[in-house]
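> Just passing along the structure, written as structure tokens.
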Amino acid sequence: MMKKTWLLLIPLCSIAILSKADEFPDVVEAPYFKVSGEDMEKVQLPLLGTYVDVDIAGVIADVNIEQVYVNSGSIPIEAVYVFPGSSKSAVYQMKMQINERTIEAKITEKKEAKQKYEKAKQEGKSATMLKQHRPNVFQMNVANILPGDTIRVDFSYTELLVPEESTYEFVFPTAVGPRYADSAGVVKDPWVTNPYAQTGKAGDPETQKRFNTRHEFDISTNVNTGMPVHELMSPSHEVDIQFAGPSTAKVDLKGNHQITEPKDFIIRYKLTGDKISTGLLLYEGEEENFFLYMAQPPKRVEPEAIPPREYIFIVDVSGSMRGFPIEISKKLLRDLIGGLKPTDKFNVMLFASASAVLSPTSLDANEKNIREAINFIDKEGGSGSTQLLPALQRALRLPGVEDMSRTVVIATDGYVTVEREAFDLISENLGKANFFAFGIGPGVNRYIIEGMAHAGHGEPVVVTHPKEAKQQARKFANYIKNPVLTNIALEFEGFKAYDISPKSYPDLFAEKPVVVFGKWKGDLAGTITLTGKTGAGPYRKPLRV
């Protein structure tokens with residue numbers, strides 16, 4: 001369990017970090033105000049405008065949002081501002097301006113922050129309190145918003161953009177105005193349900209007026225990928241795209257910027273070419289300089305280019321997996337093992353209160369061994385506790401095969417409390433194997449599933465219902481079956497790089513680039529050389545800084 005801390009938004013606001021192993025969004029959702037109270041007929045808090053600036057650097061989107069609301073009702077109100085971020089995003093700046101007062105974030109203790117907020121509220125002063133109940137879901141309480149008050153919310157976050165089928169996608173959800181709650185605290189969302197359902201008077205003119213969502217929306221996006229962009233488009237809006245070079249573009253909205261209904265703003269782009277591509281982005285700061293290096297897989301991977309593969313399948317067979325989760329795990333394992341090539345090797349570990357391994361060393365992917373592996377898991381029905389960490393530790397001690405692309409696949413519902421320990425273990429062993437997490441179950445602990453995948457620079461897949469299983473299992477199998485480059489290393493010659501992360505590199509897969517962050521000093525000179533092995537032999541690609 002993470003330690004609970006609070007942040008104080010100067011002078012009278014706070015953030016509670018109450019993260020827990022709970023399901024949370026895997027996409028950014030629209031920020032909104034939620035208002036509650038007894039005299040809701042007098043409440044009006046319309047959204048006047050949303051203004052967004054986006055800078056995409058390689059695979060990172062840096063997003064700054066300004067939203068303007070006004071209390072046009074006749075009574076003071078208390079509202080809750082909610083920003084549901086994604087598991088791949090991180091808020092790094094937030095402030096709120098009520099008329100001429102600006103409130104910015106600063107760390108303080110939970111008890112002190114809460115006392116300041118309650119005191120300000122009792123004194124009739126405008127105050128805000130920001131809480132994080134779940135990972136990346138922020139909730140800011142705003143007290144005593146007086147009639148006529150204008151509220152400007154300004155916050156910034158970064159988001160990791162992960163390609164699917166070689167396509168990168170940035171999505172900004174358009175906010176649609178406030179949500180209201182009745183005196184019992186039940187949220188009445190005008191766009192999830194009927195537009196007039198919050199009063200029970202469908203079509204009531206006054207209600208319709210209060211929920212008129214027509215407001216100004218503008219978004220401007222700078223794209224700088226570090227390597228040539230092959231396609232750039234918006235499937236959601238009419239946009240004007242101006243290229244300043246093969247890897248740099250500016251995207252602006254065309255025409256009228258007034259919106260009356262929710263419609264996500266989407267940008268998609270591709271970087272894939274016919275060969276492995278590399279790119280470099282440089283940022284000069286006031287005190288330190290930073291770089292982002294990318295190696296992008298080709299859009300097609302020929303079978304002869306795939307290096308030999310070794311798979312370690314770790315399957316949770318504890319009591320919480322009983323029923324469809326363990327049956328889906330069995331099917332996944334059958335499909336993955338059945339699709340291996342004769343040149344591949346594999347092993348299987350089952351774990352609950354203890355673990356059992358199919359073989360002390362990885363086996364050839366022949367018909368006999370595949371049949372034994374399927375029989376090994378088919379007898380399991382689900383029982384015992386979930387001892388994930390010992391299973392991971394044991395799997396990493398299994399002897400590897402030189403010059404093979406080793407991938408560890410973890411199938412579990414994640415009902416454990418060793419999230420941080422699992423993340424650290426995977427990060428420390430990143431150079432030894434690629435890690436992919438497959439979450440299965442009606443209440444999957446997304447925190448650990450996504451965290452293990454991100455720590456291992458892999459991708460998570462989650463199945464919460466049997467109907468999803470076939471499609472998600474196929475997607476997962478396609479993702480992990482095509483390593484392009486293994487035994488990856490970077491050589492820095494004449495380019496003074498330091499604080500490089502990660503310290504060791506996962507394999508380059510057909511669906512995912514390798515991304516390296518670091519700092520540099522001195523002159524901009526020299527080369528960064530990518531080395532490794534493909535199915536055709538040693539690989540070497542220099543990039544001039």
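If you're wondering about the labels, chains in the structure tokens are A, B, ... by order shown, residues count from 1 in each chain, ligands from 1 in order shown.
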Might you pull out every residue within 7 Å of Gln67 in chain A, with only C-alpha atoms counted and same-chain residues fewer than 6 positions away left off, and present them as a VMD selection string?
chain A and resid 49 to 51 152 to 154
> Would you please give, as a list in words, all residues of range 360-489 of chain A that DSSP assigns to strand (DSSP E or B) based on the backbone?
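Matching residues for strand (DSSP E or B) in range 360-489 of chain A are Leu363, Asp364, Ser405, Arg406, Thr407, Val408, Val409, Ile410, Ala411, Thr412, Asn434, Phe435, Phe436, Ala437, Phe438, Gly439, Ile440, Pro460, Val461, Val462, Val463, Pro483, Val484, Leu485, Thr486, Asn487, Ile488 and Ala489 of chain A.
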> Keeping only N, CA, C and O atoms, take the residues you just selected and write them out as a JSON list (two decimals), in the first residue's frame.

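Below is the file result-v8.json, written as the result:
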[["chain", "number", "residue", "atom", "x", "y", "z"],
["A", 363, "LEU", "N", 12.36, -26.26, -23.40],
["A", 363, "LEU", "CA", 12.20, -27.40, -24.30],
["A", 363, "LEU", "C", 12.06, -26.94, -25.75],
["A", 363, "LEU", "O", 11.61, -25.84, -26.03],
["A", 364, "ASP", "N", 12.44, -27.84, -26.67],
["A", 364, "ASP", "CA", 12.19, -27.57, -28.09],
["A", 364, "ASP", "C", 10.69, -27.57, -28.35],
["A", 364, "ASP", "O", 9.93, -28.34, -27.75],
["A", 405, "SER", "N", 15.78, -14.64, -28.33],
["A", 405, "SER", "CA", 14.93, -13.59, -27.77],
["A", 405, "SER", "C", 14.03, -14.22, -26.72],
["A", 405, "SER", "O", 13.11, -14.98, -27.03],
["A", 406, "ARG", "N", 14.30, -13.91, -25.45],
["A", 406, "ARG", "CA", 13.57, -14.53, -24.34],
["A", 406, "ARG", "C", 12.42, -13.63, -23.90],
["A", 406, "ARG", "O", 12.61, -12.47, -23.58],
["A", 407, "THR", "N", 11.22, -14.20, -23.86],
["A", 407, "THR", "CA", 10.02, -13.45, -23.47],
["A", 407, "THR", "C", 9.32, -14.18, -22.34],
["A", 407, "THR", "O", 9.08, -15.38, -22.42],
["A", 408, "VAL", "N", 9.02, -13.43, -21.28],
["A", 408, "VAL", "CA", 8.26, -13.96, -20.14],
["A", 408, "VAL", "C", 6.83, -13.44, -20.24],
["A", 408, "VAL", "O", 6.60, -12.23, -20.31],
["A", 409, "VAL", "N", 5.87, -14.36, -20.28],
["A", 409, "VAL", "CA", 4.45, -14.02, -20.35],
["A", 409, "VAL", "C", 3.81, -14.38, -19.02],
["A", 409, "VAL", "O", 3.87, -15.53, -18.60],
["A", 410, "ILE", "N", 3.20, -13.39, -18.35],
["A", 410, "ILE", "CA", 2.60, -13.59, -17.04],
["A", 410, "ILE", "C", 1.09, -13.48, -17.19],
["A", 410, "ILE", "O", 0.57, -12.42, -17.55],
["A", 411, "ALA", "N", 0.36, -14.55, -16.91],
["A", 411, "ALA", "CA", -1.10, -14.56, -16.98],
["A", 411, "ALA", "C", -1.66, -14.67, -15.58],
["A", 411, "ALA", "O", -1.45, -15.68, -14.88],
["A", 412, "THR", "N", -2.38, -13.63, -15.12],
["A", 412, "THR", "CA", -2.88, -13.59, -13.74],
["A", 412, "THR", "C", -4.01, -12.56, -13.63],
["A", 412, "THR", "O", -4.17, -11.70, -14.50],
["A", 434, "ASN", "N", 12.16, -10.11, -22.02],
["A", 434, "ASN", "CA", 11.04, -9.19, -22.28],
["A", 434, "ASN", "C", 9.87, -9.66, -21.41],
["A", 434, "ASN", "O", 9.67, -10.86, -21.24],
["A", 435, "PHE", "N", 9.11, -8.72, -20.88],
["A", 435, "PHE", "CA", 8.01, -9.07, -19.97],
["A", 435, "PHE", "C", 6.69, -8.57, -20.54],
["A", 435, "PHE", "O", 6.56, -7.40, -20.87],
["A", 436, "PHE", "N", 5.71, -9.47, -20.61],
["A", 436, "PHE", "CA", 4.37, -9.11, -21.04],
["A", 436, "PHE", "C", 3.37, -9.65, -20.03],
["A", 436, "PHE", "O", 3.53, -10.77, -19.53],
["A", 437, "ALA", "N", 2.36, -8.86, -19.73],
["A", 437, "ALA", "CA", 1.36, -9.25, -18.73],
["A", 437, "ALA", "C", 0.00, -9.41, -19.39],
["A", 437, "ALA", "O", -0.43, -8.55, -20.16],
["A", 438, "PHE", "N", -0.66, -10.51, -19.07],
["A", 438, "PHE", "CA", -2.00, -10.80, -19.61],
["A", 438, "PHE", "C", -2.94, -10.92, -18.42],
["A", 438, "PHE", "O", -2.88, -11.89, -17.67],
["A", 439, "GLY", "N", -3.78, -9.90, -18.21],
["A", 439, "GLY", "CA", -4.70, -9.89, -17.08],
["A", 439, "GLY", "C", -6.01, -10.54, -17.43],
["A", 439, "GLY", "O", -6.63, -10.20, -18.44],
["A", 440, "ILE", "N", -6.45, -11.48, -16.59],
["A", 440, "ILE", "CA", -7.67, -12.23, -16.89],
["A", 440, "ILE", "C", -8.54, -12.28, -15.63],
["A", 440, "ILE", "O", -8.08, -12.65, -14.56],
["A", 460, "PRO", "N", 0.46, -4.47, -21.80],
["A", 460, "PRO", "CA", -0.52, -5.30, -21.10],
["A", 460, "PRO", "C", -1.73, -5.58, -21.97],
["A", 460, "PRO", "O", -2.09, -4.79, -22.83],
["A", 461, "VAL", "N", -2.36, -6.71, -21.73],
["A", 461, "VAL", "CA", -3.65, -7.02, -22.34],
["A", 461, "VAL", "C", -4.55, -7.51, -21.22],
["A", 461, "VAL", "O", -4.14, -8.30, -20.37],
["A", 462, "VAL", "N", -5.80, -7.02, -21.19],
["A", 462, "VAL", "CA", -6.73, -7.37, -20.12],
["A", 462, "VAL", "C", -8.00, -7.95, -20.71],
["A", 462, "VAL", "O", -8.57, -7.39, -21.65],
["A", 463, "VAL", "N", -8.44, -9.08, -20.14],
["A", 463, "VAL", "CA", -9.70, -9.71, -20.53],
["A", 463, "VAL", "C", -10.57, -9.79, -19.29],
["A", 463, "VAL", "O", -10.21, -10.46, -18.32],
["A", 483, "PRO", "N", 9.72, -10.70, -32.49],
["A", 483, "PRO", "CA", 10.88, -9.89, -32.14],
["A", 483, "PRO", "C", 11.69, -9.60, -33.41],
["A", 483, "PRO", "O", 11.82, -10.45, -34.29],
["A", 484, "VAL", "N", 12.19, -8.38, -33.52],
["A", 484, "VAL", "CA", 12.94, -7.97, -34.71],
["A", 484, "VAL", "C", 14.44, -7.93, -34.44],
["A", 484, "VAL", "O", 15.25, -8.29, -35.28],
["A", 485, "LEU", "N", 14.77, -7.47, -33.24],
["A", 485, "LEU", "CA", 16.18, -7.28, -32.89],
["A", 485, "LEU", "C", 16.36, -7.67, -31.42],
["A", 485, "LEU", "O", 15.63, -7.19, -30.55],
["A", 486, "THR", "N", 17.33, -8.53, -31.14],
["A", 486, "THR", "CA", 17.61, -8.96, -29.77],
["A", 486, "THR", "C", 19.06, -8.64, -29.42],
["A", 486, "THR", "O", 19.83, -8.20, -30.27],
["A", 487, "ASN", "N", 19.41, -8.83, -28.15],
["A", 487, "ASN", "CA", 20.75, -8.49, -27.65],
["A", 487, "ASN", "C", 21.11, -7.04, -27.97],
["A", 487, "ASN", "O", 22.21, -6.73, -28.40],
["A", 488, "ILE", "N", 20.17, -6.15, -27.70],
["A", 488, "ILE", "CA", 20.32, -4.74, -28.09],
["A", 488, "ILE", "C", 21.31, -4.03, -27.17],
["A", 488, "ILE", "O", 21.32, -4.23, -25.95],
["A", 489, "ALA", "N", 22.13, -3.18, -27.77],
["A", 489, "ALA", "CA", 23.03, -2.30, -27.03],
["A", 489, "ALA", "C", 23.14, -0.98, -27.79],
["A", 489, "ALA", "O", 22.91, -0.92, -29.00]]
> Which one is closest to Glu459 in chain A: A:Pro246, A:Gly323, A:Pro163, A:Pro307? Count only C-alpha atoms.
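For Glu459 in chain A, the nearest of the given residues is A:Pro163.
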> Give me, as a list in words, all polymer residues having an atom no more than 8 Å from His230 in chain A, counting only C-alpha atoms and skipping those fewer than 4 positions away in the same chain.
Tyr269, Lys270, Leu271, Thr272 and Gly273 of chain A
> So which one's closest to Phe509 in chain A, A:Ser156, A:Thr534, A:Gln472, A:Gln115? Using only C-alpha atoms, please.
A:Thr534
> Please report the interatomic distance between CA of Phe172 in chain A and CA of Ile65 in chain A in Å with one decimal.
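Between these atoms lies a distance of 10.1 Å.
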> Can you tell me which residues surround Leu350 in chain A at a distance of at most 10 Å, considering only C-alpha atoms, apart from same-chain residues fewer than 3 positions away, and format the answer as number ranges by chain?
A: 313-318, 354-358, 376-377, 380, 391, 411
> Go ahead and dump the residues you just picked, C-alpha atoms, as an mmCIF file, in the first residue's frame.

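Wrote it out as again.cif, contents follow:
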data_model
loop_
_atom_site.group_PDB
_atom_site.id
_atom_site.type_symbol
_atom_site.label_atom_id
_atom_site.label_comp_id
_atom_site.auth_asym_id
_atom_site.auth_seq_id
_atom_site.Cartn_x
_atom_site.Cartn_y
_atom_site.Cartn_z
ATOM 1 C CA PHE A 313 4.827 -18.877 -19.670
ATOM 2 C CA ILE A 314 3.929 -18.107 -16.028
ATOM 3 C CA VAL A 315 0.296 -18.971 -15.305
ATOM 4 C CA ASP A 316 -1.670 -18.143 -12.137
ATOM 5 C CA VAL A 317 -3.726 -21.177 -11.033
ATOM 6 C CA SER A 318 -4.768 -19.828 -7.619
ATOM 7 C CA ALA A 354 3.747 -22.688 -4.529
ATOM 8 C CA SER A 355 5.046 -23.068 -8.083
ATOM 9 C CA ALA A 356 5.703 -25.978 -10.420
ATOM 10 C CA VAL A 357 7.760 -25.900 -13.600
ATOM 11 C CA LEU A 358 7.365 -28.135 -16.644
ATOM 12 C CA PHE A 376 0.532 -29.936 -17.606
ATOM 13 C CA ILE A 377 -1.891 -27.022 -17.366
ATOM 14 C CA GLU A 380 -5.347 -27.384 -12.997
ATOM 15 C CA ALA A 391 7.148 -17.374 -9.077
ATOM 16 C CA ALA A 411 -1.101 -14.564 -16.983
#
> Write down as a ChimeraX atom specification the residues of range 216-389 of chain A whose backbone DSSP state falls under helix (DSSP H, G or I).
/A:303-305,319-321,324-338,367-378,388-389
> Pick out the closest residue to Thr158 in chain A from this set: A:His465, A:Lys496, A:Lys88, A:His237. Count only C-alpha atoms.
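Nearest candidate to Thr158 in chain A out of A:His465, A:Lys496, A:Lys88, A:His237: A:Lys88.
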> Report as a list in words all protein, DNA and RNA residues lying within 10 Å of Ile77 in chain A, evaluated on only C-alpha atoms, omitting residues in the same chain fewer than 2 positions from it.
Val35, Ser36, Gly37, Asp39, Met40, Lys42, Val43, Gln44, Leu45, Asn71, Gly73, Ser74, Ile75, Ala79, Val142, Ala143, Asn144, Ile145, Leu146 and Pro147 of chain A
> Would you please work out which residue, of A:Val54, A:Gln122, A:His454, A:Ser353, is nearest to Ile266 in chain A when using only C-alpha atoms?
A:Val54
> For a quick check of understanding, using only C-alpha atoms, which of A:Gly226, A:Met349, A:Gly441, A:Arg300 has the smallest distance to Met321 in chain A?
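Closest candidate: A:Gly441.
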> Give me the residues near Ala90 in chain A as number ranges by chain, where near means some atom within 8 Å (using only C-alpha atoms) and where sequence neighbours in that chain fewer than 5 positions away do not count.
A: 85, 136, 157-159
> Would you mind exporting the chosen residues as a PDB file, in the first residue's frame, restricted to N, CA, C and O atoms?

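Output (selection-v3.pdb):
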ATOM      1  N   GLY A  85      -7.213  10.741 -15.567  1.00  0.00           N
ATOM      2  CA  GLY A  85      -6.092  10.491 -16.470  1.00  0.00           C
ATOM      3  C   GLY A  85      -6.019   9.032 -16.847  1.00  0.00           C
ATOM      4  O   GLY A  85      -6.832   8.213 -16.432  1.00  0.00           O
ATOM      5  N   ASN A 136      -3.756   8.213 -11.126  1.00  0.00           N
ATOM      6  CA  ASN A 136      -4.006   9.130 -12.237  1.00  0.00           C
ATOM      7  C   ASN A 136      -5.445   9.630 -12.327  1.00  0.00           C
ATOM      8  O   ASN A 136      -5.854  10.152 -13.354  1.00  0.00           O
ATOM      9  N   TYR A 157      -0.188  17.676 -18.231  1.00  0.00           N
ATOM     10  CA  TYR A 157       0.192  16.288 -18.009  1.00  0.00           C
ATOM     11  C   TYR A 157       0.964  15.775 -19.221  1.00  0.00           C
ATOM     12  O   TYR A 157       0.884  16.336 -20.322  1.00  0.00           O
ATOM     13  N   THR A 158       1.741  14.735 -18.993  1.00  0.00           N
ATOM     14  CA  THR A 158       2.402  14.044 -20.089  1.00  0.00           C
ATOM     15  C   THR A 158       1.772  12.667 -20.244  1.00  0.00           C
ATOM     16  O   THR A 158       1.266  12.088 -19.282  1.00  0.00           O
ATOM     17  N   GLU A 159       1.811  12.164 -21.467  1.00  0.00           N
ATOM     18  CA  GLU A 159       1.215  10.859 -21.740  1.00  0.00           C
ATOM     19  C   GLU A 159       2.093  10.082 -22.706  1.00  0.00           C
ATOM     20  O   GLU A 159       2.572  10.626 -23.704  1.00  0.00           O
TER      21      GLU A 159
END
> Taking 5 positions as the minimum chain separation for residues in the same chain, which residues sit within 7 Å of Met404 in chain A when counting only C-alpha atoms? Answer as a PyMOL selection string.
chain A and resi 307-310
> Taking C-alpha atoms for each residue, export the selection above as a PDB file, in the first residue's frame.

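Full text of part-v3.pdb as output:
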ATOM      1  CA  PRO A 307      15.642 -14.235 -34.334  1.00  0.00           C
ATOM      2  CA  PRO A 308      15.122 -17.583 -32.546  1.00  0.00           C
ATOM      3  CA  ARG A 309      12.605 -17.222 -29.698  1.00  0.00           C
ATOM      4  CA  GLU A 310      12.314 -18.592 -26.174  1.00  0.00           C
TER       5      GLU A 310
END
> Compare A:Lys467, A:His457, A:Arg540, A:Lys533 by their minimum atom-to-atom distance to Pro506 in chain A, counting only C-alpha atoms, and give me the closest one.
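Under the stated criterion, the closest residue is A:His457.
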> Just to confirm, what's the straight-line distance from CA of Lys330 in chain A to CA of Gly381 in chain A in Å (one decimal)?
10.3 Å
